[in-house]
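Read the structure below first, then the notes.
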Amino acid sequence: MANSSWSLPTQRELPIILIRGFGGLDTADEQKLTYQGFNDGSVYPQKRGENYIYEGMILRFIKSDRKYHDATNVVGYYSREMDAPPVIPDELKSFDPSFFQGRIIIDPAMALRLLKTEEDPCKSLWVFRYYDLNDRKFQIYGEALVRLISFIRAIAQYKSDIQPKVNIIAHSMGGLIVREALQRTYPQLHGPTGADSAINKIVTLGTPHKGITFQVIRDFRWLGIDAANELEHFNPEKQKDPQNPASFTNLHKYFPLERILTVVGTNYRSYSDQKGSALNRLFSVSGEYGPAYNRSDGLVKQAFAQLDGVPRTFVHKCHGGFDSLITARESFEIATRFFFGDVLVRLRQVRAKVMRGFDMFGKSEFFFGVSIKPRGVDFELFHQSKEAENCYGPFLTPDFSDDPNKLAFSWADSNQLIWQGYLNQALSLTDGTDLVMRLEFYVGERDMFGIGFSDNVVFHKQYYVRALVQPSLQLYLYTGEEFVKDHTQGGIPMRSVPGGWEFDIGGTGFEGTYRIELETIRQAE
């Protein structure tokens, strides 16, 4: 953490802003999309009940008692400087006068209408339609986003005498626009840490934080097209340049990294743009072993959708389209838990031992992965698998003690962190409520020389982790769902150790010890 004075995050209700991704070289069609794709959902015929239909992020938030607002109706962009209106209604005279003059202007009539509603500003939902600004420059996008955030907070202060922060969900290039606001706009207006006082948490969905590996699209910038400024922000060289204030290498100076979550897609196969998937395979990055792998969501490399020191999670979805990062239930579940969850869960490896799969004639490499589901919602909060090409490894040692710097996919931190995520139930409950997660462990082997079998499954098994609150907090391990029929079934008690609870797993080819860490999040006001 670059700044020890960062404010604490909160889990209470806050305004939410949704920001979509790149709209292509011509945005005329994008401007016609009312909700910018956030209204699209997915249907899962193989599931039932609550898990069958996901209506899309907009409707799901509205059903949770949020009031939708289109930011374009409030924030307008003009090609020249505009003077303040000759008459400002009395109700708006306490607002910042700059809201109503310049090039990025708050509409006084809309502001007045919002003041007169009985809506709770902290339960508002906004879509930031930056393509309506008609000036395709990141500087303008950043300024407009900051103006919108300032206005939302001013409305809330007027109505409830509280100036809340906002939560943001950004898809694809939308995440780069958020970083433009964090790293350029806020510092210019309010100093290096200005964004800390206005933004609570940020979730990015498939954002190319480190650029896009195939730079064919960058060549368009020489044609003088409107999108040239946007395309240049996909340049990996520009993104990693420490002399560039908006580089991902400088993000820690402007915002606390633990308040950002990167959601990384892994299913390139279902992405509709096959050219993008092919180019991702052709333009591999370090550790991918050339075109043998395509570790991407179809457009953005898994490694490039992450940020150094920032929490991450993997979902087996593609970049866009049906059942993608923007239309899948997983994105909603993960984002809302990150915003509102009050229990932070970590899963770490303590020890491991592979006991079979070593190729006598070839060269064996091992991969280790876990997929995690919460009870009640049949959608994963974290996914690793052979198909996703995102398991930890390749390991050459049977105890996974390889140098982390030499792994194509290394642990999430220096202490063998596998996954970190939030659940939305407090451990202080006194009504006997419990927490349950399903963990699916996988260990696979690959023969690098191709002499033996190249895809051996060493170990693959599901376990259930259950936390019981009463009479005192205790964690149990199950191999089945016995507790569903009889809540008194305790399973195998986990060992309480400093910092958490440890448990053992194993079979004929693998055994290991893992630690669950639970942390109740302190509520900041």
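Residues are referred to by chain and number: the chain letter is A, B, ... according to the order shown in the structure tokens, the number counts from 1 in that chain, and ligands are numbered separately from 1 in the order shown.
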Worksheet entry | Selection: 10 Å around segment 187-192 of chain A, only C-alpha atoms, excl. self and same-chain fewer than 6 positions, as an NGL selection string | :A and (143 or 146 or 181 or 253-255)
Item to complete: Determine, counting only C-alpha atoms, which protein, DNA and RNA residues have an atom within 10 Å of an atom of segment 240-248 of chain A; residues of the same chain fewer than 5 positions away are not included. Present the result as a ChimeraX atom specification.
Response: /A:176,179-184,209-211,233,235,253-254,306-308
Item to complete: Find the residues near Leu396 of chain A: any atom within 9 Å, counting only C-alpha atoms, skip ones fewer than 6 places away on the same chain, and give them as a ChimeraX atom specification.
Response: /A:363-366,402
Find the nearest atom pair between each residue of segment 110-184 of chain A and segment 18-38 of chain A for residues within 7 Å, count only C-alpha atoms, give distances in Å to one decimal, sort rows by chain and ascending number, and present the table as a tab-separated table.
residue	atom	partner	partner_atom	distance
A:Trp126	CA	A:Leu18	CA	6.1
A:Val127	CA	A:Leu18	CA	4.8
A:Phe128	CA	A:Ile19	CA	5.4
A:Tyr131	CA	A:Gln31	CA	6.5
A:Asp132	CA	A:Gln31	CA	6.3
A:Ile168	CA	A:Leu18	CA	6.0
A:Ile169	CA	A:Leu18	CA	5.0
A:Ala170	CA	A:Ile19	CA	4.6
A:His171	CA	A:Arg20	CA	5.0
A:Ser172	CA	A:Gly21	CA	4.6
A:Met173	CA	A:Gly21	CA	4.4
A:Gly174	CA	A:Gly21	CA	4.8
Worksheet item: Where does DSSP see strand (DSSP E or B) in segment 3-151 of chain A, if you list the residues as a ChimeraX atom specification?
Response: /A:16-19,42-43,53-54,67-70,75-82,102-106,124-127
Restrict the selected residues to N, CA, C and O atoms and save them as an mmCIF file, in the first residue's frame.
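Final output, saved to part21.cif:
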data_model
loop_
_atom_site.group_PDB
_atom_site.id
_atom_site.type_symbol
_atom_site.label_atom_id
_atom_site.label_comp_id
_atom_site.auth_asym_id
_atom_site.auth_seq_id
_atom_site.Cartn_x
_atom_site.Cartn_y
_atom_site.Cartn_z
ATOM 1 N N ILE A 16 -24.166 2.888 -7.523
ATOM 2 C CA ILE A 16 -23.378 2.015 -8.402
ATOM 3 C C ILE A 16 -23.372 2.605 -9.808
ATOM 4 O O ILE A 16 -24.422 2.987 -10.332
ATOM 5 N N ILE A 17 -22.191 2.651 -10.416
ATOM 6 C CA ILE A 17 -22.034 3.137 -11.788
ATOM 7 C C ILE A 17 -21.550 1.987 -12.657
ATOM 8 O O ILE A 17 -20.576 1.307 -12.310
ATOM 9 N N LEU A 18 -22.210 1.745 -13.784
ATOM 10 C CA LEU A 18 -21.827 0.725 -14.748
ATOM 11 C C LEU A 18 -21.191 1.400 -15.964
ATOM 12 O O LEU A 18 -21.737 2.375 -16.491
ATOM 13 N N ILE A 19 -20.057 0.861 -16.425
ATOM 14 C CA ILE A 19 -19.340 1.453 -17.559
ATOM 15 C C ILE A 19 -19.005 0.349 -18.550
ATOM 16 O O ILE A 19 -18.322 -0.615 -18.200
ATOM 17 N N SER A 42 -28.421 -14.166 -19.468
ATOM 18 C CA SER A 42 -28.219 -15.490 -20.052
ATOM 19 C C SER A 42 -29.196 -16.471 -19.423
ATOM 20 O O SER A 42 -29.564 -16.344 -18.256
ATOM 21 N N VAL A 43 -29.600 -17.461 -20.224
ATOM 22 C CA VAL A 43 -30.482 -18.530 -19.764
ATOM 23 C C VAL A 43 -29.667 -19.816 -19.703
ATOM 24 O O VAL A 43 -28.918 -20.129 -20.626
ATOM 25 N N ILE A 53 -32.589 -18.556 -14.938
ATOM 26 C CA ILE A 53 -32.551 -17.356 -15.781
ATOM 27 C C ILE A 53 -31.859 -16.221 -15.035
ATOM 28 O O ILE A 53 -32.227 -15.883 -13.912
ATOM 29 N N TYR A 54 -30.859 -15.664 -15.678
ATOM 30 C CA TYR A 54 -30.215 -14.457 -15.172
ATOM 31 C C TYR A 54 -30.635 -13.318 -16.090
ATOM 32 O O TYR A 54 -30.335 -13.304 -17.280
ATOM 33 N N LYS A 67 -32.840 2.259 -8.019
ATOM 34 C CA LYS A 67 -33.479 3.124 -9.002
ATOM 35 C C LYS A 67 -32.483 3.437 -10.108
ATOM 36 O O LYS A 67 -31.392 3.935 -9.858
ATOM 37 N N TYR A 68 -32.879 3.121 -11.353
ATOM 38 C CA TYR A 68 -31.977 3.303 -12.483
ATOM 39 C C TYR A 68 -31.986 4.743 -12.991
ATOM 40 O O TYR A 68 -33.031 5.389 -13.068
ATOM 41 N N HIS A 69 -30.795 5.233 -13.362
ATOM 42 C CA HIS A 69 -30.659 6.536 -14.000
ATOM 43 C C HIS A 69 -29.688 6.419 -15.169
ATOM 44 O O HIS A 69 -28.676 5.726 -15.074
ATOM 45 N N ASP A 70 -30.000 7.095 -16.247
ATOM 46 C CA ASP A 70 -29.101 7.155 -17.392
ATOM 47 C C ASP A 70 -28.263 8.408 -17.247
ATOM 48 O O ASP A 70 -28.781 9.521 -17.243
ATOM 49 N N VAL A 75 -25.460 14.353 -17.427
ATOM 50 C CA VAL A 75 -24.173 14.934 -17.819
ATOM 51 C C VAL A 75 -24.153 15.125 -19.333
ATOM 52 O O VAL A 75 -24.331 14.173 -20.086
ATOM 53 N N GLY A 76 -23.920 16.352 -19.782
ATOM 54 C CA GLY A 76 -23.847 16.651 -21.207
ATOM 55 C C GLY A 76 -22.475 17.174 -21.590
ATOM 56 O O GLY A 76 -21.791 17.822 -20.794
ATOM 57 N N TYR A 77 -22.081 16.893 -22.821
ATOM 58 C CA TYR A 77 -20.794 17.365 -23.323
ATOM 59 C C TYR A 77 -21.036 18.349 -24.471
ATOM 60 O O TYR A 77 -21.868 18.107 -25.348
ATOM 61 N N TYR A 78 -20.287 19.435 -24.475
ATOM 62 C CA TYR A 78 -20.429 20.444 -25.524
ATOM 63 C C TYR A 78 -19.070 20.709 -26.166
ATOM 64 O O TYR A 78 -18.027 20.614 -25.517
ATOM 65 N N SER A 79 -19.093 21.041 -27.449
ATOM 66 C CA SER A 79 -17.853 21.239 -28.193
ATOM 67 C C SER A 79 -17.166 22.557 -27.856
ATOM 68 O O SER A 79 -16.019 22.775 -28.230
ATOM 69 N N ARG A 80 -17.869 23.456 -27.161
ATOM 70 C CA ARG A 80 -17.264 24.729 -26.762
ATOM 71 C C ARG A 80 -17.650 25.040 -25.317
ATOM 72 O O ARG A 80 -18.543 24.427 -24.759
ATOM 73 N N GLU A 81 -16.957 25.968 -24.729
ATOM 74 C CA GLU A 81 -17.254 26.361 -23.364
ATOM 75 C C GLU A 81 -18.643 27.013 -23.284
ATOM 76 O O GLU A 81 -18.975 27.882 -24.096
ATOM 77 N N MET A 82 -19.427 26.581 -22.324
ATOM 78 C CA MET A 82 -20.773 27.101 -22.148
ATOM 79 C C MET A 82 -20.826 27.925 -20.862
ATOM 80 O O MET A 82 -20.268 27.547 -19.831
ATOM 81 N N GLY A 102 -19.001 25.357 -18.592
ATOM 82 C CA GLY A 102 -17.854 24.686 -19.167
ATOM 83 C C GLY A 102 -18.264 23.806 -20.332
ATOM 84 O O GLY A 102 -19.217 24.111 -21.057
ATOM 85 N N ARG A 103 -17.558 22.678 -20.535
ATOM 86 C CA ARG A 103 -17.876 21.778 -21.648
ATOM 87 C C ARG A 103 -18.603 20.519 -21.175
ATOM 88 O O ARG A 103 -19.328 19.894 -21.942
ATOM 89 N N ILE A 104 -18.385 20.124 -19.937
ATOM 90 C CA ILE A 104 -19.059 18.956 -19.379
ATOM 91 C C ILE A 104 -19.994 19.473 -18.289
ATOM 92 O O ILE A 104 -19.556 19.899 -17.229
ATOM 93 N N ILE A 105 -21.282 19.462 -18.580
ATOM 94 C CA ILE A 105 -22.242 20.229 -17.787
ATOM 95 C C ILE A 105 -23.337 19.336 -17.219
ATOM 96 O O ILE A 105 -23.833 18.426 -17.892
ATOM 97 N N ILE A 106 -23.699 19.609 -15.970
ATOM 98 C CA ILE A 106 -24.865 18.976 -15.358
ATOM 99 C C ILE A 106 -26.116 19.739 -15.800
ATOM 100 O O ILE A 106 -26.172 20.964 -15.723
ATOM 101 N N SER A 124 -29.094 4.273 -5.896
ATOM 102 C CA SER A 124 -29.221 4.627 -7.311
ATOM 103 C C SER A 124 -28.263 3.799 -8.159
ATOM 104 O O SER A 124 -27.221 3.344 -7.697
ATOM 105 N N LEU A 125 -28.647 3.593 -9.409
ATOM 106 C CA LEU A 125 -27.868 2.815 -10.369
ATOM 107 C C LEU A 125 -27.712 3.651 -11.633
ATOM 108 O O LEU A 125 -28.700 4.143 -12.180
ATOM 109 N N TRP A 126 -26.488 3.811 -12.099
ATOM 110 C CA TRP A 126 -26.203 4.696 -13.229
ATOM 111 C C TRP A 126 -25.435 3.952 -14.313
ATOM 112 O O TRP A 126 -24.562 3.135 -14.011
ATOM 113 N N VAL A 127 -25.773 4.206 -15.564
ATOM 114 C CA VAL A 127 -24.970 3.736 -16.687
ATOM 115 C C VAL A 127 -24.265 4.946 -17.293
ATOM 116 O O VAL A 127 -24.919 5.917 -17.689
#
Non-local contacts of Thr327 of chain A (9 Å; only C-alpha atoms; under 4 positions in same chain excluded) as a CSV table (one decimal) with all heavy atoms, in the first residue's frame:
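Result file result-v8.csv:
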chain,number,residue,atom,x,y,z
A,37,GLY,N,-25.7,-2.7,-23.1
A,37,GLY,CA,-25.4,-4.2,-22.9
A,37,GLY,C,-25.5,-4.7,-21.5
A,37,GLY,O,-25.5,-5.9,-21.3
A,38,PHE,N,-25.7,-3.8,-20.6
A,38,PHE,CA,-25.8,-4.3,-19.2
A,38,PHE,C,-27.2,-4.8,-18.9
A,38,PHE,O,-27.5,-5.3,-17.8
A,38,PHE,CB,-25.5,-3.2,-18.2
A,38,PHE,CG,-24.1,-2.9,-18.1
A,38,PHE,CD1,-23.5,-1.7,-18.7
A,38,PHE,CD2,-23.2,-3.7,-17.4
A,38,PHE,CE1,-22.2,-1.5,-18.6
A,38,PHE,CE2,-21.9,-3.4,-17.3
A,38,PHE,CZ,-21.3,-2.3,-17.9
A,39,ASN,N,-28.2,-4.7,-19.9
A,39,ASN,CA,-29.5,-5.3,-19.7
A,39,ASN,C,-29.5,-6.8,-20.2
A,39,ASN,O,-30.5,-7.4,-20.0
A,39,ASN,CB,-30.5,-4.5,-20.4
A,39,ASN,CG,-30.2,-4.3,-21.9
A,39,ASN,OD1,-29.1,-4.0,-22.3
A,39,ASN,ND2,-31.2,-4.5,-22.8
A,40,ASP,N,-28.5,-7.2,-20.9
A,40,ASP,CA,-28.5,-8.6,-21.5
A,40,ASP,C,-28.1,-9.6,-20.4
A,40,ASP,O,-27.1,-9.4,-19.6
A,40,ASP,CB,-27.5,-8.6,-22.6
A,40,ASP,CG,-27.9,-7.8,-23.8
A,40,ASP,OD1,-29.1,-7.6,-24.0
A,40,ASP,OD2,-27.0,-7.3,-24.5
A,41,GLY,N,-28.8,-10.7,-20.4
A,41,GLY,CA,-28.5,-11.8,-19.5
A,41,GLY,C,-28.3,-13.1,-20.2
A,41,GLY,O,-28.0,-13.1,-21.4
A,42,SER,N,-28.4,-14.2,-19.5
A,42,SER,CA,-28.2,-15.5,-20.1
A,42,SER,C,-29.2,-16.5,-19.4
A,42,SER,O,-29.6,-16.3,-18.3
A,42,SER,CB,-26.8,-16.0,-19.8
A,42,SER,OG,-25.8,-15.1,-20.5
A,54,TYR,N,-30.9,-15.7,-15.7
A,54,TYR,CA,-30.2,-14.5,-15.2
A,54,TYR,C,-30.6,-13.3,-16.1
A,54,TYR,O,-30.3,-13.3,-17.3
A,54,TYR,CB,-28.7,-14.6,-15.2
A,54,TYR,CG,-28.0,-13.3,-14.9
A,54,TYR,CD1,-28.1,-12.6,-13.7
A,54,TYR,CD2,-27.1,-12.8,-15.9
A,54,TYR,CE1,-27.5,-11.4,-13.5
A,54,TYR,CE2,-26.4,-11.6,-15.6
A,54,TYR,CZ,-26.6,-10.9,-14.5
A,54,TYR,OH,-25.9,-9.8,-14.2
A,55,GLU,N,-31.3,-12.3,-15.5
A,55,GLU,CA,-32.0,-11.3,-16.3
A,55,GLU,C,-31.1,-10.2,-16.8
A,55,GLU,O,-31.5,-9.4,-17.6
A,55,GLU,CB,-33.1,-10.7,-15.5
A,55,GLU,CG,-34.0,-11.6,-14.8
A,55,GLU,CD,-33.6,-11.9,-13.4
A,55,GLU,OE1,-32.3,-12.0,-13.2
A,55,GLU,OE2,-34.4,-12.1,-12.5
A,56,GLY,N,-29.8,-10.2,-16.4
A,56,GLY,CA,-28.9,-9.1,-16.7
A,56,GLY,C,-28.7,-8.2,-15.5
A,56,GLY,O,-29.5,-8.2,-14.6
A,57,MET,N,-27.6,-7.5,-15.6
A,57,MET,CA,-27.2,-6.7,-14.4
A,57,MET,C,-28.2,-5.6,-14.1
A,57,MET,O,-28.5,-5.4,-12.9
A,57,MET,CB,-25.8,-6.2,-14.6
A,57,MET,CG,-25.0,-5.8,-13.4
A,57,MET,SD,-23.3,-5.5,-13.6
A,57,MET,CE,-22.7,-7.2,-13.9
A,320,GLY,N,-17.2,-11.1,-24.5
A,320,GLY,CA,-18.5,-10.5,-24.7
A,320,GLY,C,-19.5,-11.4,-25.4
A,320,GLY,O,-19.1,-12.4,-26.0
A,321,GLY,N,-20.7,-11.0,-25.5
A,321,GLY,CA,-21.7,-11.8,-26.2
A,321,GLY,C,-22.5,-12.6,-25.2
A,321,GLY,O,-22.6,-12.3,-24.0
A,322,PHE,N,-23.2,-13.7,-25.7
A,322,PHE,CA,-24.0,-14.5,-24.8
A,322,PHE,C,-23.2,-15.2,-23.7
A,322,PHE,O,-22.1,-15.7,-24.0
A,322,PHE,CB,-24.8,-15.6,-25.6
A,322,PHE,CG,-25.4,-16.6,-24.8
A,322,PHE,CD1,-26.6,-16.3,-24.1
A,322,PHE,CD2,-24.9,-17.9,-24.7
A,322,PHE,CE1,-27.2,-17.3,-23.3
A,322,PHE,CE2,-25.5,-18.9,-23.9
A,322,PHE,CZ,-26.7,-18.6,-23.2
A,323,ASP,N,-23.7,-15.3,-22.5
A,323,ASP,CA,-23.0,-15.9,-21.4
A,323,ASP,C,-21.5,-15.5,-21.3
A,323,ASP,O,-20.6,-16.3,-21.2
A,323,ASP,CB,-23.1,-17.4,-21.5
A,323,ASP,CG,-22.8,-18.2,-20.2
A,323,ASP,OD1,-23.0,-17.5,-19.2
A,323,ASP,OD2,-22.5,-19.3,-20.3
A,331,SER,N,-20.6,-12.7,-12.9
A,331,SER,CA,-20.1,-11.4,-12.7
A,331,SER,C,-20.9,-10.6,-11.7
A,331,SER,O,-20.4,-9.9,-10.9
A,331,SER,CB,-20.1,-10.6,-14.1
A,331,SER,OG,-19.3,-11.3,-15.0
A,332,PHE,N,-22.2,-10.8,-11.7
A,332,PHE,CA,-23.1,-10.1,-10.8
A,332,PHE,C,-22.8,-10.6,-9.4
A,332,PHE,O,-22.7,-9.9,-8.4
A,332,PHE,CB,-24.6,-10.3,-11.1
A,332,PHE,CG,-25.5,-9.8,-10.1
A,332,PHE,CD1,-25.9,-8.4,-10.2
A,332,PHE,CD2,-26.1,-10.6,-9.1
A,332,PHE,CE1,-26.8,-7.9,-9.2
A,332,PHE,CE2,-27.0,-10.0,-8.2
A,332,PHE,CZ,-27.3,-8.7,-8.3
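When only C-alpha atoms are used to compute distances to Gln239 of chain A, the closest of the residues A:Ile177, A:Ala335, A:Ile199, A:Pro208 turns out to be A:Pro208.
Picture a line from atom CA of Glu502 of chain A to atom CA of Arg351 of chain A; it runs 10.6 Å.
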Item to complete: Select from segment 145-280 of chain A everything DSSP, run on the backbone, classes as helix (DSSP H, G or I), then give the selection as a ChimeraX atom specification.
Response: /A:145-160,173-190,194-197,217-223,228-232,236-240,248-253,257-259,268-270,274-280
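For the residues A:Asn51, A:Ser472, A:Ser371, A:Ser94, ranking by smallest atom-to-atom distance to Glu440 of chain A using only C-alpha atoms places A:Ser371 first.
Distance annotation: of A:Arg346, A:Arg269, A:Arg48, A:Arg259, the residue with the minimal separation from Thr520 of chain A is A:Arg346; atom set is only C-alpha atoms.
Proximity to Arg153 of chain A was assessed for A:Pro45, A:Asp196, A:Leu14, A:Glu519 counting only C-alpha atoms; the smallest distance is recorded for A:Leu14.
Residues in contact with Ile492 of chain A at 10 Å, where only C-alpha atoms are counted and same-chain residues fewer than 6 positions away are skipped, are listed as Val465, Arg466, Leu475, Tyr476, Leu477, Tyr478, Thr479, Phe503 and Asp504 of chain A.
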Identify, on the basis of only C-alpha atoms, every residue whose closest approach to Phe304 of chain A does not exceed 12 Å; exclude the query and any residue fewer than 5 positions from it along the same chain; express the result as a compact mmCIF listing (two decimals) with N, CA, C and O atoms, in the first residue's frame.
# COMPACT_ATOMS: atom_id res chain seq x y z
N SER A 172 -14.33 -4.32 -19.82
CA SER A 172 -13.35 -4.12 -20.89
C SER A 172 -12.71 -2.73 -20.82
O SER A 172 -12.15 -2.36 -19.79
N LEU A 205 -14.24 -6.13 -15.42
CA LEU A 205 -14.60 -7.38 -16.10
C LEU A 205 -13.84 -7.45 -17.42
O LEU A 205 -14.16 -6.75 -18.37
N GLY A 206 -12.81 -8.27 -17.49
CA GLY A 206 -12.07 -8.45 -18.74
C GLY A 206 -11.42 -7.18 -19.24
O GLY A 206 -11.29 -7.00 -20.45
N THR A 207 -10.97 -6.31 -18.36
CA THR A 207 -10.31 -5.07 -18.77
C THR A 207 -8.87 -5.35 -19.19
O THR A 207 -8.13 -5.99 -18.44
N PRO A 208 -8.45 -4.87 -20.36
CA PRO A 208 -7.05 -5.08 -20.79
C PRO A 208 -6.10 -4.11 -20.08
O PRO A 208 -5.53 -3.21 -20.69
N HIS A 209 -5.93 -4.32 -18.76
CA HIS A 209 -5.12 -3.40 -17.97
C HIS A 209 -3.70 -3.29 -18.50
O HIS A 209 -3.07 -2.23 -18.41
N LYS A 210 -3.18 -4.37 -19.05
CA LYS A 210 -1.81 -4.36 -19.55
C LYS A 210 -1.77 -4.34 -21.09
O LYS A 210 -0.74 -4.62 -21.69
N GLY A 211 -2.90 -4.00 -21.69
CA GLY A 211 -2.96 -3.88 -23.14
C GLY A 211 -3.51 -5.13 -23.80
O GLY A 211 -3.95 -6.07 -23.15
N ILE A 212 -3.49 -5.12 -25.11
CA ILE A 212 -3.89 -6.27 -25.93
C ILE A 212 -2.67 -6.71 -26.72
O ILE A 212 -2.00 -5.90 -27.36
N THR A 213 -2.38 -8.00 -26.67
CA THR A 213 -1.10 -8.49 -27.21
C THR A 213 -0.98 -8.29 -28.71
O THR A 213 0.07 -7.92 -29.20
N PHE A 214 -2.04 -8.56 -29.45
CA PHE A 214 -1.93 -8.38 -30.91
C PHE A 214 -2.25 -6.92 -31.23
O PHE A 214 -3.31 -6.42 -30.94
N PHE A 234 -4.74 0.64 -25.67
CA PHE A 234 -4.58 -0.81 -25.65
C PHE A 234 -3.13 -1.23 -25.88
O PHE A 234 -2.81 -2.41 -25.91
N ASN A 235 -2.25 -0.28 -26.09
CA ASN A 235 -0.85 -0.53 -26.39
C ASN A 235 -0.13 -1.03 -25.14
O ASN A 235 0.02 -0.29 -24.17
N PRO A 236 0.37 -2.28 -25.13
CA PRO A 236 1.07 -2.78 -23.94
C PRO A 236 2.28 -1.95 -23.55
O PRO A 236 2.58 -1.80 -22.36
N GLN A 239 1.02 1.01 -21.65
CA GLN A 239 0.44 0.65 -20.36
C GLN A 239 1.50 0.34 -19.31
O GLN A 239 1.29 0.56 -18.13
N LYS A 240 2.64 -0.19 -19.73
CA LYS A 240 3.66 -0.55 -18.74
C LYS A 240 4.75 0.50 -18.57
O LYS A 240 5.66 0.33 -17.76
N PHE A 248 -0.34 1.08 -15.56
CA PHE A 248 -0.76 0.23 -14.44
C PHE A 248 0.34 0.11 -13.38
O PHE A 248 0.06 -0.19 -12.22
N THR A 262 -10.20 -7.62 -10.09
CA THR A 262 -10.16 -7.91 -11.52
C THR A 262 -10.80 -9.28 -11.76
O THR A 262 -10.36 -10.28 -11.20
N VAL A 263 -11.86 -9.30 -12.55
CA VAL A 263 -12.53 -10.54 -12.93
C VAL A 263 -11.98 -10.94 -14.30
O VAL A 263 -12.11 -10.19 -15.27
N VAL A 264 -11.36 -12.11 -14.37
CA VAL A 264 -10.61 -12.55 -15.55
C VAL A 264 -11.37 -13.67 -16.25
O VAL A 264 -11.67 -14.71 -15.64
N GLY A 265 -11.70 -13.48 -17.51
CA GLY A 265 -12.37 -14.52 -18.30
C GLY A 265 -11.38 -15.51 -18.85
O GLY A 265 -10.23 -15.17 -19.16
N THR A 266 -11.83 -16.77 -19.02
CA THR A 266 -10.92 -17.82 -19.49
C THR A 266 -11.44 -18.63 -20.68
O THR A 266 -10.74 -19.50 -21.18
N ASN A 280 -4.94 -14.07 -30.48
CA ASN A 280 -4.43 -14.28 -29.13
C ASN A 280 -3.56 -15.52 -29.06
O ASN A 280 -2.58 -15.56 -28.32
N SER A 284 1.39 -14.91 -28.38
CA SER A 284 1.45 -15.40 -27.00
C SER A 284 2.34 -14.49 -26.16
O SER A 284 3.09 -13.66 -26.67
N VAL A 285 2.24 -14.67 -24.85
CA VAL A 285 3.06 -13.90 -23.92
C VAL A 285 3.93 -14.87 -23.14
O VAL A 285 3.81 -16.09 -23.27
N SER A 286 4.83 -14.34 -22.33
CA SER A 286 5.78 -15.15 -21.59
C SER A 286 5.08 -16.22 -20.76
O SER A 286 4.11 -15.95 -20.07
N ARG A 295 -4.46 -18.58 -23.54
CA ARG A 295 -4.93 -18.16 -22.22
C ARG A 295 -5.55 -16.77 -22.33
O ARG A 295 -4.91 -15.76 -22.04
N SER A 296 -6.81 -16.74 -22.75
CA SER A 296 -7.49 -15.46 -22.96
C SER A 296 -8.98 -15.67 -22.84
O SER A 296 -9.48 -16.80 -22.74
N ASP A 297 -9.73 -14.55 -22.86
CA ASP A 297 -11.20 -14.62 -22.91
C ASP A 297 -11.70 -14.48 -24.34
O ASP A 297 -12.87 -14.26 -24.58
N LEU A 299 -10.42 -12.14 -26.38
CA LEU A 299 -9.87 -10.85 -26.78
C LEU A 299 -8.71 -10.42 -25.89
O LEU A 299 -7.68 -9.96 -26.37
N ARG A 312 -7.84 -10.89 -7.62
CA ARG A 312 -8.34 -11.38 -8.91
C ARG A 312 -9.23 -12.59 -8.68
O ARG A 312 -9.16 -13.25 -7.65
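Closest approach to Ile418 of chain A among A:Lys47, A:Arg375, A:Arg348, A:Lys116 is made by A:Arg348 (distances from only C-alpha atoms).
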